[in-house]
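Worksheet for the structure shown next.
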Number of protein chains: 4
Amino acid sequence: MTLNVGVIGYGYWGPNLVRNYVETPGSQVVAVSDVRPERLCEVQKRYPFIKTSTDNKDLFNDPTIDAILISTPVSSHYELAMQALQVGKHVLLEKPITQQSDQARRLIEEAARRKRVLMVDHTFIYTGAIRKIHDLITSGEIGDLYYYDSVRVNLGLFQHDVSVLWDLAVHDLSIMDYLLGEESIAVSAAGISHIPGEPENTAYLTIFLENNLIAHIHVNWLAPVKIRRTLIGGSHKMIVYDDLEPSEKVKVYDRGIYINDETSVYKMLISYRTGDVWIPGLDQTEALRTQAKHFIECVETGKAPITDGQAGLRVVKLLEAATQSMAKRGQPFEI
Amino acid sequence: MTLNVGVIGYGYWGPNLVRNYVETPGSQVVAVSDVRPERLCEVQKRYPFIKTSTDNKDLFNDPTIDAILISTPVSSHYELAMQALQVGKHVLLEKPITQQSDQARRLIEEAARRKRVLMVDHTFIYTGAIRKIHDLITSGEIGDLYYYDSVRVNLGLFQHDVSVLWDLAVHDLSIMDYLLGEESIAVSAAGISHIPGEPENTAYLTIFLENNLIAHIHVNWLAPVKIRRTLIGGSHKMIVYDDLEPSEKVKVYDRGIYINDETSVYKMLISYRTGDVWIPGLDQTEALRTQAKHFIECVETGKAPITDGQAGLRVVKLLEAATQSMAKRGQPFEI
Amino acid sequence: MTLNVGVIGYGYWGPNLVRNYVETPGSQVVAVSDVRPERLCEVQKRYPFIKTSTDNKDLFNDPTIDAILISTPVSSHYELAMQALQVGKHVLLEKPITQQSDQARRLIEEAARRKRVLMVDHTFIYTGAIRKIHDLITSGEIGDLYYYDSVRVNLGLFQHDVSVLWDLAVHDLSIMDYLLGEESIAVSAAGISHIPGEPENTAYLTIFLENNLIAHIHVNWLAPVKIRRTLIGGSHKMIVYDDLEPSEKVKVYDRGIYINDETSVYKMLISYRTGDVWIPGLDQTEALRTQAKHFIECVETGKAPITDGQAGLRVVKLLEAATQSMAKRGQPFEI
Amino acid sequence: MTLNVGVIGYGYWGPNLVRNYVETPGSQVVAVSDVRPERLCEVQKRYPFIKTSTDNKDLFNDPTIDAILISTPVSSHYELAMQALQVGKHVLLEKPITQQSDQARRLIEEAARRKRVLMVDHTFIYTGAIRKIHDLITSGEIGDLYYYDSVRVNLGLFQHDVSVLWDLAVHDLSIMDYLLGEESIAVSAAGISHIPGEPENTAYLTIFLENNLIAHIHVNWLAPVKIRRTLIGGSHKMIVYDDLEPSEKVKVYDRGIYINDETSVYKMLISYRTGDVWIPGLDQTEALRTQAKHFIECVETGKAPITDGQAGLRVVKLLEAATQSMAKRGQPFEI
C-alpha cells in the first residue's frame, strides 16, 4: 500500500518534503501546487511524473491523494489544513502548526472527528541527535532534569512578518516539548528590534516548568557567529548538544554535584563530581526520511504521531505567551 | 612618594592584592589583617617585612597607612569601608562594593566629604581584553550598540550565602556598566535553585537600557562545561569576547546588515555584510597591576577612578532589582 | 562565442564538471561519455539536452566539440588526452595529470605542437582560500617563506590501485606548487600499509626546495578525525589555513622572530613578536566555476592556464620521487 | 624512612623538582647547588631550611644525602651523574639523559655495579593522560598498534646549543618509547634552520618500528600557533591526545576499518566503522608528584624505574640517529 501525497507550497522547504516522500518506500508524491508557476517548472524539470497546479483545489479534489503536506507561510496553514481535513485527507503541516492556538485546537478537533492524522513537521524531533537525547532522558541516565538552555543565533535571515521567536525559537520549543515531558507553567520573554518597524530580531525566552525545571532560549538574527548549542542539566549527568559539530553533536558528561546534608547542622556540603565524557554515535538518517516513515506508519496504523496536533498546539501556546510577555519587558504570563 | 596600604582579609583574593601592591612601583603593603591567624602565617612566610594583625583596628590606627584594601566577605564591606574613610584612609573594596545600594550611597557621600578615593575592584575592567573592547566602542568602530550578551557558566563553586547573580553576574554587570555607557531602565530576571534551601544556582538576567539597547547575562554554577563568552552587536561591527581563549580573546567581525528602505514601499530590504575578522593583540599586563597603578594615580591626582563608588553603586542597584525580579518570575523592575 | 565541451567519465567528479560547464556563461556541455550505461541515464535525466554515448570516439569525432574534459581513472588519462589533442581538441584532465611524468611531457609537447590548451584540474588552486593566500605571498606580506606544512587525514576512502600519496597528497603538492614558486630539489617520504597487499594508507612526505624552504605533507586514510590544516611560515607573517572551518579558513598571524646579531659576539639574540591576527573574508565562488571561466578564457586568448601541463608534470614528478623514496624508508631522491 | 635528596641546578626546571620533593611524603630536599648565587637566594627565600652551595661537591660529600637530582644543561649530565653514582648516590637526571648514547651506557653500567637507582625525568610518562593511554594500550582495548603521530609546535623558545629535536622531540620519543613497546628499527629525519649558524628549528622525524608500526614526530619552534596533538591508530580503536585541552585531553574513538577478503578474488573490501567516542576522566595528580613517589619507591624496593637508564638510552639513540639522518635529508639510519 502506498500513501499518495499532495504537496502545497514549493518554496524553501517544499522541495525537501517532495524529495523525501518521493524516495521513501511506502509513499509517493502525485501532485504539487504553488501559486508561482516558475516554482512548478522546477518540479516538472526534476520530477516529470508529478502533476502540478497553481490551484490548491486540484489537490483537495483529487481522490487519489491520501494526504496533504502543507509547506506555505504560516498565515495560510489553518485554512489549508482545515480544507484538507474536511475532504478527508491526512495532513502534515510545516512548523509552527498555526498562527494562533485556537486554530490549532480546531484542527485537532476536526482531525479527531474525521479520524485523520494531523502531524506537524517539528523536524528536529526526527534527527538522530534528538532521538538519542530522548533515549538518554527517558532511560533515566540523566537523572532528574534541572534545566534546558539553548542558544540559536546567526547573521540573517531576517523575517518581515514574524519575530525571531516564531522563526527560530519554535525549533527549541518543539525540541524542549519533546524532551522534557513536563508541563509549562509560565513564560517570561524579552526581545528587541534594531530596525524600526520590524519585528524583534533578538529575543530571550524563559519557561518555568513543573518539578522545578527551567528552560531558556536565546535566539538572534544579528549575531556575528553561528551558534547552535544546548545544555541540558540533570542530577546524574549533563548533556551538551552542538548541532554545528559535524559528527560529535551530543556529549554526555558524567558531572554534577554531591550534596551531603549530614555534615553540618548549619549548611550543606556540596562536592563536585567530574567523570568521563561520552560521545555516542548517532543515527545518520536524514530527519525528513525518518519523519516520512513515521507519518506513513501513523496513517496506516492510526496511532498518534510523536509530533501530533497537541505538540503543535503546545508550542504555539508558548509562542503566544512569549509574545505577550515580550511586549511587557518580561512580565510573566501563565500558560 | 609611596602609597602605603593596609590589606584587610587574606583569603582567596587578598594574596593577589598583596602581591600586586608589593610589586607595583609607587605602592607598598605595610600591614595585613585577618581574623584567622593561620592566614597571617602565610603572609609572614612570604613577606616577612609586612606587619600582621588579627585586629583591623591596628590598620585603621596606623598613621603610616594611606589606604585600606578590603578583601573580606561582602557582608562586612560597608562597615569596614566606612571606618576606613572616617579615619581618613583611601579605600579599595572587592566587588560587589556593598550588600545594599544605600550602603554604597553612604560610602560615596563619606568619601566625597573627606576627599578620599573610593574605588571598587571590578577587576575585569583592567584587563587588556576589556580595555581593547572599550577602545573599539568609544572610537566608534563598532557603531551604535545593539546588544550585549554574556554567558558565564561552569561546574561549581556553589556559594551558600549569595545567589549566582551576586557571585558571577557581578562580573558581567561591571563590564557592561563600563562598556555600554547607557543608563539602565529596567531589569527582568529568572533563576532557580536545584538544592532545597540554597540560593539560585542558575539565573538569567535581562537589562533594558536607553537607546534601544538590551543586555543579557546567563550565569550557572551547574553547567557541565566552562563557558566565558560575550557577544557585542553593533551597527558597524560585532565583537566576540571569549575569555577562555589563551590569546585570541577578542575577535572583531566586520559583519552586519544593510537596510535599504527605498527599494520598496511595503517593506525594507535587508542585506547581509560579511567581511574580515580581526583579532587584535592585547596588552598582557596582569589586571591587578594595571588597577594598582590606577588606584595610586587616583590617590595622587585626586581624579575619580574608572571603577569609582558610582560604578559600584550602579552594579549593586542592578543586582538588587534582579533579585526582586527573580523572586517574581521575571516581572520587570525599574532601576 | 561558446566553448562546446565533451566530458569523458561521469563517476564521482564528472557530475561536478558537467554542472559547472553547463552553468558557466561561455561554455556548454554537448556530450558525455561513460562506459557504464547507468551513469549516462543519470545524465539524461538531469540534462535531457546533452548527448550521451558509451563510446569516447563519438566525442573525439564530433566536430562541434571544442574541448574534452577527462574525468576517468588516472590510468586512462594519457591515452584519452593524447587522442583528444591529436584530433585538435583542448583538454582538461582531472588530477593527477598522468600516471607517469613521461606521459605528461608528451602531452605537453603535443599540446604545444597543436596550439591547444592543456590544463589539469588542480581544483584547490581555484578556491577563494588558496587565491587569497597566493595574493598574500606574492604581495610580500608574508615575507620570505620558511616552511609549508600540511596535514590531510581522515577515515577512508581507501583506494586499491594507488597509495594515499597519489590520492590525497596530490592536493597538497598542487597547492604547494602554486603557492611556493620555488624549485623542488629532493624528496624524502615514508609510508606504511596496514592491510596486506594494499598500497600505503599512511604517508609522510618531505620536499626540500630552493632558498632554504621545506615542505612537509602528512596524509592518512586511517585517522580517527578529519584534519585539513596547513601552516605556512614566513619571515614577516604566518598563515594557518584550515579548510574545515566553514568561513574562517585563512588566519594571518603577525607573529615571528626578531634576530639581533649585534648584541653578542657569541650568539644571536632571538626575540618573539606577537601581534594581531587577521581573518580575511574570502571569495565564496565555487572553485570549479572559477576554473571553468579560466579554462574558457585560456582557450579564447591562448594564454597558459595557471594549472597547465607543466604544473601537472611537476606534481607527478614529485609523486614519482616520493614513491621511490617511500620504498626505501625515506632515502632522499632528487627531482 | 625519608629519602634525602640534593638538587643540582636551580634554573627553569629545578624549582619544580625541589617543590615536589619537599612536598612529597617520604622525601626531603636537604641541599641545592647552583653556580649562580642569585638562584640560591631564591632557594633560601622560599625554603630557609635547605642548605645551598655553589659547589656541587658539597652535595656529593654530604653523607646525609641519598640521591642526587640533576637539573643542569645536558652537556654536564654525564659527568655529574657519574660522580654521584661513584659516591653511592641514587640519581635522577633531567631529560635527555645524556648527550651521547655511550655516556648513557656507562651510567647504566655504573648504576648496576653500585646497585643504585638511575632514573631519567621523562616527565610526561607520569601524567594522568599518558598513564591512561598506556592502560588502554596494554589492556588490548586499542588492538594492534598501527601508527603514532605527534605534532609539538609553537613560537619559541629557540635554543642555541641543540636542535628542536633534542628540545621538543625528546618528549615525544620518551612517550612513544613508553607506549608502543616495540623495537625501533630505523629513523629518517628532515629539518631546517631558518637562522644562519643556528641549529634546526623545524624538524620531521619518522621512526620505523617492529610489527609494521610507524611513528612520526613534527616539532617546530617557529609555528604561529601552539599545537600539542598526538594521534594513535589501532586496529580496534584510535586515540587523539590533545595536551592543550584543559580537561578533555584523551579521546578514544571507536573507529576503524573492517576488511573482508572473502568477498572478492581480486581485491579486499574495506568498510568503515564509526562508533562512540569516549573521553575518560584523568588522574589530575601533578606528574612530578607521581614521579617523586615512584623514585622513592624504586630506591626503597630496588625495582627498576619505568623511566630507567635503558629508557633514557633508547631515546638518546633515536636522537643520535635522527640527527645523522637530518644531516643527509632523510637518509634512513638503523638503530
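Here's how to read the names in the C-alpha cells: chain A, B, ... by the order shown, residue numbers from 1 in each chain, ligand numbers from 1 in the order shown.
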
> Where does DSSP see alpha helix (DSSP H) in segment 103-231 of chain A, if you list the residues as a ChimeraX atom specification?
Replying inline: /A:103-114,128-138,164,170-180

Closest contacts (chain A/chain C, max 12 Å, only C-alpha atoms) as CSV:
```
residue,atom,partner,partner_atom,distance
A:Glu42,CA,C:Arg46,CA,11.8
A:Gln44,CA,C:Arg46,CA,11.5
A:Lys45,CA,C:Arg46,CA,8.1
A:Arg46,CA,C:Arg46,CA,7.3
A:Tyr47,CA,C:Lys45,CA,9.5
A:Pro48,CA,C:Lys45,CA,9.7
A:Pro224,CA,C:Ser247,CA,11.6
A:Val225,CA,C:Ser247,CA,9.8
A:Lys226,CA,C:Pro246,CA,10.2
A:Leu244,CA,C:Pro246,CA,10.1
A:Glu245,CA,C:Glu245,CA,11.1
A:Pro246,CA,C:Leu244,CA,10.0
A:Ser247,CA,C:Val225,CA,9.8
A:Glu248,CA,C:Val225,CA,10.5
```

Just the selected residues (N, CA, C and O atoms), exported as a PDB file, in the first residue's frame, please.
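Final output, saved to part.pdb:
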```pdb
ATOM      1  N   GLU A  42      10.129  24.073 -11.774  1.00  0.00           N
ATOM      2  CA  GLU A  42      11.189  23.332 -11.086  1.00  0.00           C
ATOM      3  C   GLU A  42      10.754  21.909 -10.781  1.00  0.00           C
ATOM      4  O   GLU A  42      11.531  20.958 -10.924  1.00  0.00           O
ATOM      5  N   GLN A  44       8.508  20.170 -12.398  1.00  0.00           N
ATOM      6  CA  GLN A  44       8.388  19.402 -13.648  1.00  0.00           C
ATOM      7  C   GLN A  44       9.744  18.964 -14.185  1.00  0.00           C
ATOM      8  O   GLN A  44       9.905  17.846 -14.682  1.00  0.00           O
ATOM      9  N   LYS A  45      10.722  19.866 -14.108  1.00  0.00           N
ATOM     10  CA  LYS A  45      12.057  19.522 -14.601  1.00  0.00           C
ATOM     11  C   LYS A  45      12.613  18.334 -13.826  1.00  0.00           C
ATOM     12  O   LYS A  45      13.188  17.410 -14.403  1.00  0.00           O
ATOM     13  N   ARG A  46      12.450  18.375 -12.529  1.00  0.00           N
ATOM     14  CA  ARG A  46      13.094  17.373 -11.695  1.00  0.00           C
ATOM     15  C   ARG A  46      12.253  16.108 -11.575  1.00  0.00           C
ATOM     16  O   ARG A  46      12.810  15.006 -11.494  1.00  0.00           O
ATOM     17  N   TYR A  47      10.920  16.270 -11.524  1.00  0.00           N
ATOM     18  CA  TYR A  47      10.029  15.109 -11.331  1.00  0.00           C
ATOM     19  C   TYR A  47       8.951  15.146 -12.395  1.00  0.00           C
ATOM     20  O   TYR A  47       7.810  15.544 -12.100  1.00  0.00           O
ATOM     21  N   PRO A  48       9.266  14.719 -13.623  1.00  0.00           N
ATOM     22  CA  PRO A  48       8.281  14.854 -14.704  1.00  0.00           C
ATOM     23  C   PRO A  48       6.988  14.072 -14.438  1.00  0.00           C
ATOM     24  O   PRO A  48       5.958  14.376 -15.046  1.00  0.00           O
ATOM     25  N   PRO A 224      27.244  37.754  15.175  1.00  0.00           N
ATOM     26  CA  PRO A 224      28.372  37.664  14.237  1.00  0.00           C
ATOM     27  C   PRO A 224      28.750  36.229  13.902  1.00  0.00           C
ATOM     28  O   PRO A 224      29.373  35.981  12.877  1.00  0.00           O
ATOM     29  N   VAL A 225      28.413  35.315  14.774  1.00  0.00           N
ATOM     30  CA  VAL A 225      28.786  33.919  14.558  1.00  0.00           C
ATOM     31  C   VAL A 225      27.547  33.046  14.683  1.00  0.00           C
ATOM     32  O   VAL A 225      26.550  33.443  15.282  1.00  0.00           O
ATOM     33  N   LYS A 226      27.632  31.876  14.099  1.00  0.00           N
ATOM     34  CA  LYS A 226      26.527  30.933  14.188  1.00  0.00           C
ATOM     35  C   LYS A 226      26.754  30.033  15.394  1.00  0.00           C
ATOM     36  O   LYS A 226      27.824  29.425  15.524  1.00  0.00           O
ATOM     37  N   LEU A 244      26.207  22.155  15.309  1.00  0.00           N
ATOM     38  CA  LEU A 244      27.156  22.515  14.249  1.00  0.00           C
ATOM     39  C   LEU A 244      28.327  21.549  14.174  1.00  0.00           C
ATOM     40  O   LEU A 244      29.079  21.562  13.204  1.00  0.00           O
ATOM     41  N   GLU A 245      28.519  20.724  15.171  1.00  0.00           N
ATOM     42  CA  GLU A 245      29.559  19.706  15.112  1.00  0.00           C
ATOM     43  C   GLU A 245      29.218  18.720  14.005  1.00  0.00           C
ATOM     44  O   GLU A 245      28.106  18.179  13.986  1.00  0.00           O
ATOM     45  N   PRO A 246      30.154  18.448  13.117  1.00  0.00           N
ATOM     46  CA  PRO A 246      29.783  17.539  12.030  1.00  0.00           C
ATOM     47  C   PRO A 246      29.412  16.144  12.514  1.00  0.00           C
ATOM     48  O   PRO A 246      28.449  15.561  12.030  1.00  0.00           O
ATOM     49  N   SER A 247      30.141  15.611  13.478  1.00  0.00           N
ATOM     50  CA  SER A 247      29.759  14.266  13.922  1.00  0.00           C
ATOM     51  C   SER A 247      29.591  14.159  15.437  1.00  0.00           C
ATOM     52  O   SER A 247      28.776  13.392  15.909  1.00  0.00           O
ATOM     53  N   GLU A 248      30.337  14.938  16.200  1.00  0.00           N
ATOM     54  CA  GLU A 248      30.270  14.793  17.655  1.00  0.00           C
ATOM     55  C   GLU A 248      29.232  15.761  18.222  1.00  0.00           C
ATOM     56  O   GLU A 248      29.546  16.634  19.023  1.00  0.00           O
TER      57      GLU A 248
END
```

Do you have, as a tab-separated table, the list of residues of segment 5-93 of chain C lying at most 12 Å from segment 98-101 of chain C, each with its nearest atom pair and that distance in Å to one decimal, counting only C-alpha atoms and ordered by chain then number?
```
residue	atom	partner	partner_atom	distance
C:Ile70	CA	C:Thr98	CA	11.2
C:Ser71	CA	C:Thr98	CA	11.8
C:Thr72	CA	C:Thr98	CA	11.0
C:Pro73	CA	C:Thr98	CA	9.7
C:Val74	CA	C:Thr98	CA	6.0
C:Ser75	CA	C:Gln99	CA	6.2
C:Ser76	CA	C:Thr98	CA	8.2
C:His77	CA	C:Thr98	CA	5.7
C:Tyr78	CA	C:Thr98	CA	5.8
C:Glu79	CA	C:Thr98	CA	9.5
C:Leu80	CA	C:Thr98	CA	10.5
C:Ala81	CA	C:Thr98	CA	9.4
C:Met82	CA	C:Thr98	CA	11.0
C:Leu92	CA	C:Thr98	CA	11.8
C:Leu93	CA	C:Thr98	CA	8.6
```

Residue selection dump (C-alpha atoms) as a compact mmCIF listing (two decimals), in the first residue's frame:
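result-v2.txt written:
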```txt
# COMPACT_ATOMS: atom_id res chain seq x y z
CA ILE C 70 38.58 13.92 -18.83
CA SER C 71 37.29 12.62 -15.53
CA THR C 72 38.30 8.97 -15.61
CA PRO C 73 40.72 6.84 -13.57
CA VAL C 74 44.28 8.13 -13.95
CA SER C 75 45.39 5.00 -15.79
CA SER C 76 43.41 6.12 -18.84
CA HIS C 77 44.40 9.80 -18.73
CA TYR C 78 47.35 9.71 -21.08
CA GLU C 79 45.70 7.81 -23.90
CA LEU C 80 42.45 9.76 -23.82
CA ALA C 81 44.17 13.13 -23.60
CA MET C 82 46.56 12.27 -26.42
CA LEU C 92 41.20 19.45 -19.23
CA LEU C 93 42.32 16.47 -17.12
```

> Using only C-alpha atoms, which residues sit within 12 Å of Cys41 of chain B once same-chain residues fewer than 3 positions away are excluded, as a VMD selection string?
Replying inline: chain B and resid 10 32 to 38 44 to 48 50 to 54

May I have the residues from that selection written out with N, CA and C atoms, as a CSV table (one decimal), in the first residue's frame?
```csv
chain,number,residue,atom,x,y,z
B,10,TYR,N,42.8,38.1,54.1
B,10,TYR,CA,43.8,37.4,53.3
B,10,TYR,C,43.3,36.0,52.9
B,32,VAL,N,48.8,43.7,57.0
B,32,VAL,CA,47.7,42.8,56.6
B,32,VAL,C,47.0,42.4,57.9
B,33,SER,N,45.6,42.4,57.8
B,33,SER,CA,44.9,41.9,59.0
B,33,SER,C,44.0,40.8,58.5
B,34,ASP,N,43.7,39.8,59.3
B,34,ASP,CA,42.8,38.7,59.1
B,34,ASP,C,42.4,38.1,60.4
B,35,VAL,N,41.2,37.7,60.6
B,35,VAL,CA,40.8,37.1,61.9
B,35,VAL,C,41.4,35.7,62.1
B,36,ARG,N,41.9,35.1,61.0
B,36,ARG,CA,42.4,33.8,61.0
B,36,ARG,C,44.0,33.8,61.2
B,37,PRO,N,44.5,33.5,62.3
B,37,PRO,CA,46.0,33.6,62.5
B,37,PRO,C,46.8,32.7,61.4
B,38,GLU,N,46.2,31.6,61.0
B,38,GLU,CA,46.9,30.8,60.1
B,38,GLU,C,47.1,31.5,58.7
B,44,GLN,N,53.4,36.1,56.7
B,44,GLN,CA,54.7,36.3,57.3
B,44,GLN,C,55.8,35.5,56.6
B,45,LYS,N,55.4,34.2,56.2
B,45,LYS,CA,56.4,33.4,55.5
B,45,LYS,C,56.8,34.0,54.2
B,46,ARG,N,55.9,34.5,53.5
B,46,ARG,CA,56.1,35.1,52.1
B,46,ARG,C,56.7,36.5,52.2
B,47,TYR,N,56.1,37.3,53.1
B,47,TYR,CA,56.5,38.7,53.1
B,47,TYR,C,56.9,39.1,54.6
B,48,PRO,N,58.1,38.7,55.0
B,48,PRO,CA,58.5,38.9,56.4
B,48,PRO,C,58.5,40.4,56.8
B,50,ILE,N,56.1,42.6,56.2
B,50,ILE,CA,54.7,43.1,56.4
B,50,ILE,C,54.3,42.8,57.8
B,51,LYS,N,53.7,43.9,58.4
B,51,LYS,CA,53.1,43.7,59.8
B,51,LYS,C,51.8,42.9,59.6
B,52,THR,N,51.5,42.1,60.6
B,52,THR,CA,50.2,41.4,60.6
B,52,THR,C,49.5,41.6,61.9
B,53,SER,N,48.2,41.4,61.8
B,53,SER,CA,47.3,41.6,63.0
B,53,SER,C,46.0,40.9,62.8
B,54,THR,N,45.5,40.4,63.9
B,54,THR,CA,44.1,39.8,63.8
B,54,THR,C,43.1,40.9,64.1
```

>> Just want the 8 Å neighbourhood of Thr24 of chain D, counted on only C-alpha atoms, with same-chain residues fewer than 5 positions away dropped. Output as a PyMOL selection string.
In response: chain D and resi 289+292-293

>> I'd like to know which residues of segment 30-236 of chain C are strand (DSSP E or B) (by DSSP, run on the backbone); could you write them as number ranges by chain?
In response: C: 30-33, 51-53, 67-70, 90-94, 118-121, 145-155, 184-192, 202-209, 213-220, 222-234

>> So that I can see what lies close to Ile195 of chain D, please list as a ChimeraX atom specification the residues with an atom at most 12 Å from it, counting only C-alpha atoms and leaving out residues fewer than 2 positions away in the same chain.
In response: /C:146,212,235,257-261,267-270 /D:158-160,163,192-193,197-202,221-222

Resulting file, chosen residues, N, CA and C atoms, as a PDB file, in the first residue's frame:
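File produced: result-v3.pdb:
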```
ATOM      1  N   TYR C 146      59.395  30.281   4.878  1.00  0.00           N
ATOM      2  CA  TYR C 146      60.225  29.417   5.707  1.00  0.00           C
ATOM      3  C   TYR C 146      59.837  27.940   5.564  1.00  0.00           C
ATOM      4  N   ASN C 212      66.278  27.484   0.934  1.00  0.00           N
ATOM      5  CA  ASN C 212      66.146  27.079   2.333  1.00  0.00           C
ATOM      6  C   ASN C 212      64.691  26.908   2.753  1.00  0.00           C
ATOM      7  N   SER C 235      58.889  35.067   7.049  1.00  0.00           N
ATOM      8  CA  SER C 235      59.723  35.916   7.908  1.00  0.00           C
ATOM      9  C   SER C 235      58.921  37.079   8.487  1.00  0.00           C
ATOM     10  N   ILE C 257      59.889  36.109  14.618  1.00  0.00           N
ATOM     11  CA  ILE C 257      61.045  36.355  15.482  1.00  0.00           C
ATOM     12  C   ILE C 257      61.828  37.547  14.965  1.00  0.00           C
ATOM     13  N   TYR C 258      62.500  38.221  15.881  1.00  0.00           N
ATOM     14  CA  TYR C 258      63.486  39.222  15.529  1.00  0.00           C
ATOM     15  C   TYR C 258      64.851  38.618  15.823  1.00  0.00           C
ATOM     16  N   ILE C 259      65.777  38.850  14.958  1.00  0.00           N
ATOM     17  CA  ILE C 259      67.134  38.374  15.214  1.00  0.00           C
ATOM     18  C   ILE C 259      68.044  39.587  15.317  1.00  0.00           C
ATOM     19  N   ASN C 260      68.728  39.685  16.415  1.00  0.00           N
ATOM     20  CA  ASN C 260      69.637  40.799  16.611  1.00  0.00           C
ATOM     21  C   ASN C 260      71.016  40.225  16.816  1.00  0.00           C
ATOM     22  N   ASP C 261      71.841  40.261  15.786  1.00  0.00           N
ATOM     23  CA  ASP C 261      73.150  39.612  15.920  1.00  0.00           C
ATOM     24  C   ASP C 261      74.239  40.598  16.318  1.00  0.00           C
ATOM     25  N   LYS C 267      76.574  34.753  20.463  1.00  0.00           N
ATOM     26  CA  LYS C 267      75.356  34.142  19.946  1.00  0.00           C
ATOM     27  C   LYS C 267      74.316  35.213  19.649  1.00  0.00           C
ATOM     28  N   MET C 268      73.430  34.869  18.723  1.00  0.00           N
ATOM     29  CA  MET C 268      72.386  35.794  18.345  1.00  0.00           C
ATOM     30  C   MET C 268      71.312  35.844  19.415  1.00  0.00           C
ATOM     31  N   LEU C 269      70.710  36.993  19.513  1.00  0.00           N
ATOM     32  CA  LEU C 269      69.590  37.135  20.420  1.00  0.00           C
ATOM     33  C   LEU C 269      68.315  37.018  19.596  1.00  0.00           C
ATOM     34  N   ILE C 270      67.461  36.118  19.993  1.00  0.00           N
ATOM     35  CA  ILE C 270      66.199  35.935  19.272  1.00  0.00           C
ATOM     36  C   ILE C 270      65.067  36.415  20.165  1.00  0.00           C
TER      37      ILE C 270
ATOM     38  N   PHE D 158      63.589  29.290  21.116  1.00  0.00           N
ATOM     39  CA  PHE D 158      64.768  28.836  20.379  1.00  0.00           C
ATOM     40  C   PHE D 158      65.912  28.506  21.338  1.00  0.00           C
ATOM     41  N   GLN D 159      66.564  27.378  21.071  1.00  0.00           N
ATOM     42  CA  GLN D 159      67.766  27.015  21.806  1.00  0.00           C
ATOM     43  C   GLN D 159      68.966  27.269  20.901  1.00  0.00           C
ATOM     44  N   HIS D 160      70.078  27.626  21.485  1.00  0.00           N
ATOM     45  CA  HIS D 160      71.266  27.880  20.667  1.00  0.00           C
ATOM     46  C   HIS D 160      72.170  26.669  20.544  1.00  0.00           C
ATOM     47  N   SER D 163      69.305  21.282  18.590  1.00  0.00           N
ATOM     48  CA  SER D 163      68.235  21.446  17.618  1.00  0.00           C
ATOM     49  C   SER D 163      66.893  21.201  18.294  1.00  0.00           C
ATOM     50  N   ILE D 192      65.355  21.847   9.212  1.00  0.00           N
ATOM     51  CA  ILE D 192      65.869  23.049   8.579  1.00  0.00           C
ATOM     52  C   ILE D 192      66.086  24.110   9.650  1.00  0.00           C
ATOM     53  N   SER D 193      67.120  24.914   9.411  1.00  0.00           N
ATOM     54  CA  SER D 193      67.338  26.087  10.253  1.00  0.00           C
ATOM     55  C   SER D 193      67.053  27.331   9.423  1.00  0.00           C
ATOM     56  N   GLY D 197      73.611  29.674  11.014  1.00  0.00           N
ATOM     57  CA  GLY D 197      74.511  29.329  12.110  1.00  0.00           C
ATOM     58  C   GLY D 197      73.835  28.731  13.320  1.00  0.00           C
ATOM     59  N   GLU D 198      72.531  28.691  13.304  1.00  0.00           N
ATOM     60  CA  GLU D 198      71.809  28.133  14.450  1.00  0.00           C
ATOM     61  C   GLU D 198      71.325  26.722  14.121  1.00  0.00           C
ATOM     62  N   PRO D 199      71.027  25.936  15.154  1.00  0.00           N
ATOM     63  CA  PRO D 199      70.552  24.563  14.895  1.00  0.00           C
ATOM     64  C   PRO D 199      69.144  24.560  14.288  1.00  0.00           C
ATOM     65  N   GLU D 200      68.745  23.405  13.794  1.00  0.00           N
ATOM     66  CA  GLU D 200      67.446  23.267  13.134  1.00  0.00           C
ATOM     67  C   GLU D 200      66.308  23.669  14.081  1.00  0.00           C
ATOM     68  N   ASN D 201      65.385  24.503  13.572  1.00  0.00           N
ATOM     69  CA  ASN D 201      64.238  24.931  14.373  1.00  0.00           C
ATOM     70  C   ASN D 201      62.933  24.261  13.933  1.00  0.00           C
ATOM     71  N   THR D 202      62.981  23.551  12.825  1.00  0.00           N
ATOM     72  CA  THR D 202      61.814  22.839  12.301  1.00  0.00           C
ATOM     73  C   THR D 202      62.284  21.453  11.895  1.00  0.00           C
ATOM     74  N   TRP D 221      59.829  25.304  16.364  1.00  0.00           N
ATOM     75  CA  TRP D 221      59.851  26.466  17.265  1.00  0.00           C
ATOM     76  C   TRP D 221      59.279  27.720  16.598  1.00  0.00           C
ATOM     77  N   LEU D 222      58.892  27.598  15.344  1.00  0.00           N
ATOM     78  CA  LEU D 222      58.560  28.797  14.569  1.00  0.00           C
ATOM     79  C   LEU D 222      57.152  28.682  13.998  1.00  0.00           C
TER      80      LEU D 222
END
```

Selection near His294 of chain C, 9 Å with only C-alpha atoms, sequence-local residues under 4 positions removed, as a compact mmCIF listing (two decimals) with C-alpha atoms, in the first residue's frame:
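Generated file (selection.txt):
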```txt
# COMPACT_ATOMS: atom_id res chain seq x y z
CA ARG C 289 33.14 27.84 -11.55
CA THR C 290 36.31 29.92 -11.35
CA CYS C 298 42.66 30.35 -21.88
CA VAL C 299 41.05 28.74 -24.92
CA PRO C 305 46.50 28.18 -17.67
CA ILE C 306 47.64 28.63 -14.11
```

> Hey, what's within 12 Å of Trp13 of chain B if we count only C-alpha atoms and toss same-chain stuff fewer than 4 positions away? As a PyMOL selection string, please?
Replying inline: chain B and resi 7-9+17-20+69-73+93-95+121+123+288

> For Gly26 of chain C, which residue out of C:Val240, C:Val43, C:Val151, C:Leu3 is the nearest one, using only C-alpha atoms?
Replying inline: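 Checking each candidate against Gly26 of chain C, we get C:Leu3 as the closest.
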